[in-house]
file final32.cif (mmCIF, C-alpha atoms)
data_coords
loop_
_atom_site.group_PDB
_atom_site.id
_atom_site.type_symbol
_atom_site.label_atom_id
_atom_site.label_comp_id
_atom_site.auth_asym_id
_atom_site.auth_seq_id
_atom_site.Cartn_x
_atom_site.Cartn_y
_atom_site.Cartn_z
ATOM 1 C CA MET Y 28 97.104 75.174 95.762
ATOM 2 C CA THR Y 29 97.795 76.120 99.387
ATOM 3 C CA THR Y 30 94.733 77.016 101.435
ATOM 4 C CA SER Y 31 94.647 80.334 103.296
ATOM 5 C CA LEU Y 32 92.853 81.080 106.582
ATOM 6 C CA LEU Y 33 92.102 84.396 108.318
ATOM 7 C CA LEU Y 34 92.818 84.517 112.067
ATOM 8 C CA SER Y 35 92.842 87.267 114.676
ATOM 9 C CA PRO Y 36 96.221 88.857 115.561
ATOM 10 C CA GLU Y 37 96.085 87.108 118.943
ATOM 11 C CA GLU Y 38 95.485 83.729 117.332
ATOM 12 C CA LEU Y 39 98.383 84.227 114.923
ATOM 13 C CA ASP Y 40 100.763 84.608 117.888
ATOM 14 C CA GLN Y 41 99.928 81.156 119.260
ATOM 15 C CA ASP Y 42 102.001 78.015 118.697
ATOM 16 C CA GLU Y 43 98.975 75.745 118.407
ATOM 17 C CA LEU Y 44 95.368 76.588 117.605
ATOM 18 C CA GLU Y 45 92.080 74.701 117.622
ATOM 19 C CA ILE Y 46 89.739 75.445 114.716
ATOM 20 C CA GLY Y 47 85.972 74.967 115.012
ATOM 21 C CA GLY Y 48 82.670 76.273 113.676
ATOM 22 C CA ASP Y 49 82.570 77.878 110.232
ATOM 23 C CA ARG Y 50 86.349 77.827 109.904
ATOM 24 C CA TYR Y 51 86.372 74.076 110.609
ATOM 25 C CA ARG Y 52 83.751 73.529 107.912
ATOM 26 C CA HIS Y 53 85.749 75.653 105.474
ATOM 27 C CA LEU Y 54 89.040 73.883 106.081
ATOM 28 C CA PHE Y 55 88.056 70.301 106.699
ATOM 29 C CA ARG Y 56 84.771 69.917 104.865
ATOM 30 C CA ALA Y 57 84.888 72.323 101.897
ATOM 31 C CA ARG Y 58 88.677 72.342 101.402
ATOM 32 C CA ARG Y 59 89.170 68.747 102.641
ATOM 33 C CA GLN Y 60 92.390 69.506 104.497
ATOM 34 C CA LYS Y 61 93.895 66.541 106.353
ATOM 35 C CA VAL Y 62 96.604 65.805 108.876
ATOM 36 C CA GLY Y 63 99.999 66.808 107.535
ATOM 37 C CA ASP Y 64 98.683 69.456 105.110
ATOM 38 C CA ARG Y 65 100.330 72.875 105.189
ATOM 39 C CA ILE Y 66 98.167 75.993 105.109
ATOM 40 C CA ARG Y 67 98.863 79.707 105.195
ATOM 41 C CA VAL Y 68 97.341 81.713 108.073
ATOM 42 C CA VAL Y 69 97.068 85.512 108.157
ATOM 43 C CA ASP Y 70 95.928 88.071 110.734
ATOM 44 C CA GLY Y 71 94.299 90.659 108.433
ATOM 45 C CA GLN Y 72 96.896 93.247 109.464
ATOM 46 C CA GLY Y 73 99.720 92.247 107.155
ATOM 47 C CA ARG Y 74 101.289 89.263 108.936
ATOM 48 C CA ALA Y 75 101.308 85.659 107.760
ATOM 49 C CA ARG Y 76 102.613 82.315 109.023
ATOM 50 C CA TRP Y 77 102.736 78.747 107.789
ATOM 51 C CA ALA Y 78 100.757 76.171 109.734
ATOM 52 C CA ARG Y 79 100.414 72.393 109.644
ATOM 53 C CA VAL Y 80 97.303 70.351 110.359
ATOM 54 C CA VAL Y 81 98.146 68.040 113.287
ATOM 55 C CA ARG Y 82 94.695 66.731 114.237
ATOM 56 C CA VAL Y 83 91.212 66.547 112.733
ATOM 57 C CA ASP Y 84 88.310 65.424 114.933
ATOM 58 C CA ARG Y 85 84.601 65.373 114.136
ATOM 59 C CA LYS Y 86 84.036 69.043 115.053
ATOM 60 C CA VAL Y 87 87.458 70.506 115.799
ATOM 61 C CA GLY Y 88 90.784 70.547 114.011
ATOM 62 C CA CYS Y 89 94.189 71.555 115.363
ATOM 63 C CA LEU Y 90 96.895 73.586 113.649
ATOM 64 C CA GLU Y 91 100.549 73.863 114.609
ATOM 65 C CA LEU Y 92 101.805 77.338 113.671
ATOM 66 C CA ALA Y 93 105.337 77.624 112.327
ATOM 67 C CA GLU Y 94 107.561 80.124 110.526
ATOM 68 C CA GLU Y 95 106.558 83.392 108.875
ATOM 69 C CA ALA Y 96 105.009 83.217 105.403
ATOM 70 C CA PRO Y 97 105.071 85.873 102.651
ATOM 71 C CA GLY Y 98 102.583 88.672 103.296
ATOM 72 C CA ASN Y 99 101.882 89.121 99.572
ATOM 73 C CA GLU Y 100 101.107 92.805 100.066
ATOM 74 C CA PRO Y 101 101.918 95.446 97.419
ATOM 75 C CA GLU Y 102 104.773 97.912 97.801
ATOM 76 C CA VAL Y 103 102.329 100.830 97.620
ATOM 77 C CA TRP Y 104 99.776 101.586 100.323
ATOM 78 C CA LEU Y 105 96.888 102.687 98.123
ATOM 79 C CA GLU Y 106 93.675 104.116 99.534
ATOM 80 C CA LEU Y 107 90.653 104.257 97.256
ATOM 81 C CA VAL Y 108 88.284 107.205 97.737
ATOM 82 C CA VAL Y 109 85.245 106.414 95.643
ATOM 83 C CA VAL Y 110 81.748 107.733 95.084
ATOM 84 C CA PRO Y 111 79.849 104.455 95.627
ATOM 85 C CA PRO Y 112 77.743 102.948 92.851
ATOM 86 C CA LYS Y 113 74.615 100.870 93.481
ATOM 87 C CA PRO Y 114 74.961 98.197 96.215
ATOM 88 C CA GLN Y 115 75.504 95.195 93.935
ATOM 89 C CA ARG Y 116 78.193 97.000 91.967
ATOM 90 C CA LEU Y 117 79.754 98.307 95.180
ATOM 91 C CA THR Y 118 80.081 94.743 96.461
ATOM 92 C CA TRP Y 119 81.920 93.792 93.263
ATOM 93 C CA LEU Y 120 84.134 96.892 93.581
ATOM 94 C CA VAL Y 121 85.161 96.033 97.147
ATOM 95 C CA GLU Y 122 85.830 92.392 96.291
ATOM 96 C CA LYS Y 123 87.955 93.075 93.204
ATOM 97 C CA SER Y 124 89.836 96.089 94.578
ATOM 98 C CA THR Y 125 90.760 93.944 97.592
ATOM 99 C CA GLU Y 126 92.052 91.233 95.292
ATOM 100 C CA VAL Y 127 94.296 93.654 93.365
ATOM 101 C CA GLY Y 128 95.763 95.107 96.584
ATOM 102 C CA VAL Y 129 94.095 98.301 97.852
ATOM 103 C CA SER Y 130 94.717 99.034 101.527
ATOM 104 C CA ALA Y 131 91.500 100.973 102.208
ATOM 105 C CA SER Y 132 88.240 101.897 100.510
ATOM 106 C CA ARG Y 133 86.677 105.203 101.593
ATOM 107 C CA LEU Y 134 83.159 105.856 100.320
ATOM 108 C CA ILE Y 135 82.404 109.529 99.764
ATOM 109 C CA HIS Y 136 79.434 111.664 98.707
ATOM 110 C CA SER Y 137 79.570 113.831 95.617
ATOM 111 C CA ALA Y 138 77.157 116.329 94.087
ATOM 112 C CA ARG Y 139 76.256 113.913 91.267
ATOM 113 C CA GLY Y 140 76.387 110.727 93.272
ATOM 114 C CA PRO Y 141 74.854 111.110 96.740
ATOM 115 C CA ARG Y 142 74.253 107.780 98.429
ATOM 116 C CA SER Y 143 73.815 106.552 101.987
ATOM 117 C CA TYR Y 144 74.295 103.134 103.572
ATOM 118 C CA GLY Y 145 73.583 101.774 107.015
ATOM 119 C CA ALA Y 146 76.026 100.035 109.342
ATOM 120 C CA GLY Y 147 74.789 96.678 108.070
ATOM 121 C CA THR Y 148 76.006 97.430 104.553
ATOM 122 C CA LEU Y 149 79.482 98.377 105.774
ATOM 123 C CA ASP Y 150 79.670 95.208 107.886
ATOM 124 C CA ARG Y 151 78.708 93.145 104.840
ATOM 125 C CA LEU Y 152 81.343 94.864 102.717
ATOM 126 C CA ARG Y 153 83.963 94.118 105.366
ATOM 127 C CA ARG Y 154 83.007 90.449 105.238
ATOM 128 C CA VAL Y 155 83.329 90.553 101.443
ATOM 129 C CA ALA Y 156 86.798 92.100 101.793
ATOM 130 C CA SER Y 157 87.842 89.458 104.348
ATOM 131 C CA ALA Y 158 86.763 86.656 102.010
ATOM 132 C CA ALA Y 159 88.656 88.297 99.128
ATOM 133 C CA VAL Y 160 91.820 88.446 101.257
ATOM 134 C CA VAL Y 161 91.620 84.698 101.862
ATOM 135 C CA GLN Y 162 90.859 83.961 98.207
ATOM 136 C CA SER Y 163 93.701 86.122 96.871
ATOM 137 C CA HIS Y 164 96.264 85.056 99.524
ATOM 138 C CA ARG Y 165 96.775 88.559 100.833
ATOM 139 C CA SER Y 166 97.446 89.192 104.530
ATOM 140 C CA ARG Y 167 95.788 92.584 105.125
ATOM 141 C CA VAL Y 168 92.045 93.233 105.166
ATOM 142 C CA PRO Y 169 91.402 96.710 103.705
ATOM 143 C CA GLU Y 170 89.772 99.321 105.900
ATOM 144 C CA ILE Y 171 86.290 100.306 104.697
ATOM 145 C CA SER Y 172 84.594 103.494 105.865
ATOM 146 C CA GLY Y 173 81.930 105.998 104.869
ATOM 147 C CA VAL Y 174 79.883 107.331 103.435
ATOM 148 C CA HIS Y 175 81.997 110.452 104.130
ATOM 149 C CA ASP Y 176 80.914 114.011 103.390
ATOM 150 C CA TRP Y 177 82.776 115.676 100.542
ATOM 151 C CA GLN Y 178 84.108 118.232 103.051
ATOM 152 C CA GLU Y 179 86.208 115.418 104.556
ATOM 153 C CA LEU Y 180 88.245 115.007 101.358
ATOM 154 C CA ALA Y 181 91.320 116.868 102.631
ATOM 155 C CA ALA Y 182 91.381 114.814 105.837
ATOM 156 C CA LEU Y 183 90.885 111.521 103.973
ATOM 157 C CA THR Y 184 93.836 112.235 101.681
ATOM 158 C CA SER Y 185 96.092 113.928 104.243
ATOM 159 C CA ASN Y 186 98.355 110.880 104.726
ATOM 160 C CA ALA Y 187 98.871 110.322 100.997
ATOM 161 C CA GLU Y 188 102.155 111.444 99.442
ATOM 162 C CA SER Y 189 100.522 111.462 96.017
ATOM 163 C CA SER Y 190 96.832 111.682 95.117
ATOM 164 C CA TRP Y 191 95.311 110.742 91.780
ATOM 165 C CA THR Y 192 91.991 111.060 90.017
ATOM 166 C CA LEU Y 193 90.868 109.513 86.760
ATOM 167 C CA ASP Y 194 91.086 111.924 83.844
ATOM 168 C CA PRO Y 195 90.921 110.786 80.168
ATOM 169 C CA SER Y 196 92.961 113.823 79.089
ATOM 170 C CA ALA Y 197 95.777 113.284 81.612
ATOM 171 C CA GLU Y 198 99.348 113.066 80.352
ATOM 172 C CA CYS Y 199 101.107 112.439 83.694
ATOM 173 C CA SER Y 200 102.741 108.996 83.872
ATOM 174 C CA PRO Y 201 102.171 107.125 87.142
ATOM 175 C CA GLU Y 202 105.364 105.120 86.648
ATOM 176 C CA THR Y 203 107.433 108.126 87.707
ATOM 177 C CA ARG Y 204 105.097 109.637 90.310
ATOM 178 C CA VAL Y 205 103.490 106.905 92.428
ATOM 179 C CA SER Y 206 104.512 107.298 96.079
ATOM 180 C CA PRO Y 207 104.680 104.598 98.769
ATOM 181 C CA ARG Y 208 101.477 106.066 100.230
ATOM 182 C CA SER Y 209 99.037 107.044 97.501
ATOM 183 C CA CYS Y 210 95.359 107.737 97.035
ATOM 184 C CA LEU Y 211 93.026 107.297 94.055
ATOM 185 C CA LEU Y 212 89.786 109.300 93.741
ATOM 186 C CA VAL Y 213 87.064 107.808 91.557
ATOM 187 C CA GLY Y 214 83.954 109.860 90.824
ATOM 188 C CA PRO Y 215 80.374 109.015 89.869
ATOM 189 C CA GLU Y 216 79.373 108.077 86.354
ATOM 190 C CA GLY Y 217 78.076 111.622 85.913
ATOM 191 C CA GLY Y 218 81.558 112.959 86.616
ATOM 192 C CA TRP Y 219 82.853 115.477 89.152
ATOM 193 C CA ASP Y 220 81.281 118.932 89.277
ATOM 194 C CA GLU Y 221 83.377 122.080 88.923
ATOM 195 C CA GLN Y 222 83.723 122.735 92.667
ATOM 196 C CA GLU Y 223 84.867 119.180 93.295
ATOM 197 C CA ARG Y 224 87.485 119.529 90.584
ATOM 198 C CA GLU Y 225 88.735 122.713 92.222
ATOM 199 C CA ASP Y 226 88.891 120.985 95.596
ATOM 200 C CA MET Y 227 90.929 118.129 94.123
ATOM 201 C CA GLN Y 228 93.266 120.576 92.444
ATOM 202 C CA ALA Y 229 93.751 122.312 95.805
ATOM 203 C CA ILE Y 230 95.103 119.103 97.361
ATOM 204 C CA GLY Y 231 97.456 118.543 94.424
ATOM 205 C CA CYS Y 232 95.557 115.717 92.771
ATOM 206 C CA LEU Y 233 97.226 114.306 89.634
ATOM 207 C CA GLY Y 234 95.339 112.973 86.614
ATOM 208 C CA LEU Y 235 95.410 109.328 85.581
ATOM 209 C CA ALA Y 236 94.223 108.248 82.125
ATOM 210 C CA LEU Y 237 93.009 104.695 81.502
ATOM 211 C CA GLY Y 238 92.453 105.042 77.774
ATOM 212 C CA PRO Y 239 89.766 106.512 75.521
ATOM 213 C CA ARG Y 240 86.902 104.276 76.687
ATOM 214 C CA ILE Y 241 84.438 105.331 79.366
ATOM 215 C CA LEU Y 242 84.321 102.825 82.227
ATOM 216 C CA ARG Y 243 81.715 102.321 84.911
ATOM 217 C CA THR Y 244 82.691 103.548 88.376
ATOM 218 C CA GLU Y 245 83.421 100.081 89.752
ATOM 219 C CA THR Y 246 85.442 99.063 86.682
ATOM 220 C CA ALA Y 247 87.413 102.295 86.689
ATOM 221 C CA ALA Y 248 88.183 101.924 90.400
ATOM 222 C CA VAL Y 249 89.624 98.432 89.972
ATOM 223 C CA VAL Y 250 91.544 99.153 86.758
ATOM 224 C CA GLY Y 251 92.879 102.449 88.118
ATOM 225 C CA SER Y 252 93.983 100.821 91.362
ATOM 226 C CA ALA Y 253 95.748 98.012 89.529
ATOM 227 C CA SER Y 254 97.502 100.532 87.280
ATOM 228 C CA LEU Y 255 98.893 102.523 90.226
ATOM 229 C CA LEU Y 256 99.858 99.451 92.245
ATOM 230 C CA ASN Y 257 101.662 97.969 89.259
ATOM 231 C CA ALA Y 258 103.456 101.267 88.573
ATOM 232 C CA GLY Y 259 104.677 101.276 92.185
ATOM 233 C CA ARG Y 260 106.379 97.872 91.916
ATOM 234 C CA PRO Y 261 110.197 97.910 92.238
ATOM 235 C CA GLY Y 262 111.879 97.987 88.860
ATOM 236 C CA VAL Y 263 108.706 99.044 87.011
#
call {"tool": "encode", "arguments": {"input": "final32.cif", "output": "structure tokens"}}
result
Amino acid sequence: MTTSLLLSPEELDQDELEIGGDRYRHLFRARRQKVGDRIRVVDGQGRARWARVVRVDRKVGCLELAEEAPGNEPEVWLELVVVPPKPQRLTWLVEKSTEVGVSASRLIHSARGPRSYGAGTLDRLRRVASAAVVQSHRSRVPEISGVHDWQELAALTSNAESSWTLDPSAECSPETRVSPRSCLLVGPEGGWDEQEREDMQAIGCLGLALGPRILRTETAAVVGSASLLNAGRPGV
């Protein structure tokens, strides 16, 4: 399987690039890449190129960058607005939602799920998302922000052409309603309170049913995201 490597946008524009440090260890020690091997390099912003290993020294390797490679990004730009679960489950949520194709994860407070994180937690989650991009051969690292106040909901969803929230009683089919820019709201395990439901209704939020079973927040976020992204595929 082709190896993938995350670069900066400036690095992706170069014709030749030296690789050292942790990235050298990943490519040439862990992945055992050698001269002549082709790898896929991405900039985290949606662009990708093919590259060829042209030199491997004791501490530095050299790549020759070539033609564009597939970005492997979904047709739908989907932002996830989620009331965060406990840290370990949140890490899993960010990793798996990145793998399935979300473009951003916005953490938000709710009446039944207040939670706060420091800057260190967000930085760690961004590293988790970056690693998931490499693993899944995507080309865009999702934006991660929060924890936002509930009052920011309208602003967070203002760029979405369709907004969704999980609702076991929903009858609306995403196959006919998913827009190129969409948003999925996922609440706490205690559910949304009445005011939050009214606020979501005010922004035109549609219901999305995932079946009769009750899922944990992190599971529901990943399954719901995959459902909307799949419904937005051409020909689906």
call {"tool": "resolve_selection", "arguments": {"input": "final32.cif", "expression": "the PyMOL selection byres ((chain Y and resi 213) around 10)", "output": "list in words"}}
result
Leu107, Val108, Val109, Val110, Pro111, Leu134, Ile135, Trp191, Thr192, Leu193, Asp194, Cys210, Leu211, Leu212, Gly214, Pro215, Glu216, Gly218, Trp219, Thr244, Glu245, Ala247, Ala248, Val249, Gly251 and Ser252 of chain Y
call {"tool": "resolve_selection", "arguments": {"input": "final32.cif", "expression": "the PyMOL selection byres ((chain Y and resi 114-126) around 7)", "output": "ChimeraX atom specification"}}
result
/Y:111-113,127-129,152,155-156,159-160,163,169,245,249
call {"tool": "closest_residue", "arguments": {"input": "final32.cif", "among": "Y:Pro97, Y:Gly147, Y:Pro207, Y:Gly73", "to": "Asn186 (chain Y)", "atoms": "only C-alpha atoms"}}
result
Y:Pro207
call {"tool": "residues_near_point", "arguments": {"input": "final32.cif", "point": "(99.2, 107.3, 89.9)", "cutoff": "12 Å", "atoms": "only C-alpha atoms", "output": "VMD selection string"}}
result
chain Y and resid 103 to 107 187 to 194 197 to 212 232 to 237 250 to 259
call {"tool": "closest_residue", "arguments": {"input": "final32.cif", "among": "Y:Ala131, Y:Val174, Y:Leu44, Y:Leu242", "to": "Ser143 (chain Y)", "atoms": "only C-alpha atoms"}}
result
Y:Val174
call {"tool": "resolve_selection", "arguments": {"input": "final32.cif", "expression": "the PyMOL selection byres ((chain Y and resi 79) around 9)", "output": "ChimeraX atom specification"}}
result
/Y:62-67,77-78,80-81,89-93
call {"tool": "atom_distance", "arguments": {"input": "final32.cif", "atom1": "CA of Ile171 (chain Y)", "atom2": "CA of Leu149 (chain Y)"}}
result
7.2 Å
call {"tool": "atom_distance", "arguments": {"input": "final32.cif", "atom1": "CA of Ile230 (chain Y)", "atom2": "CA of Ser196 (chain Y)"}}
result
19.1 Å
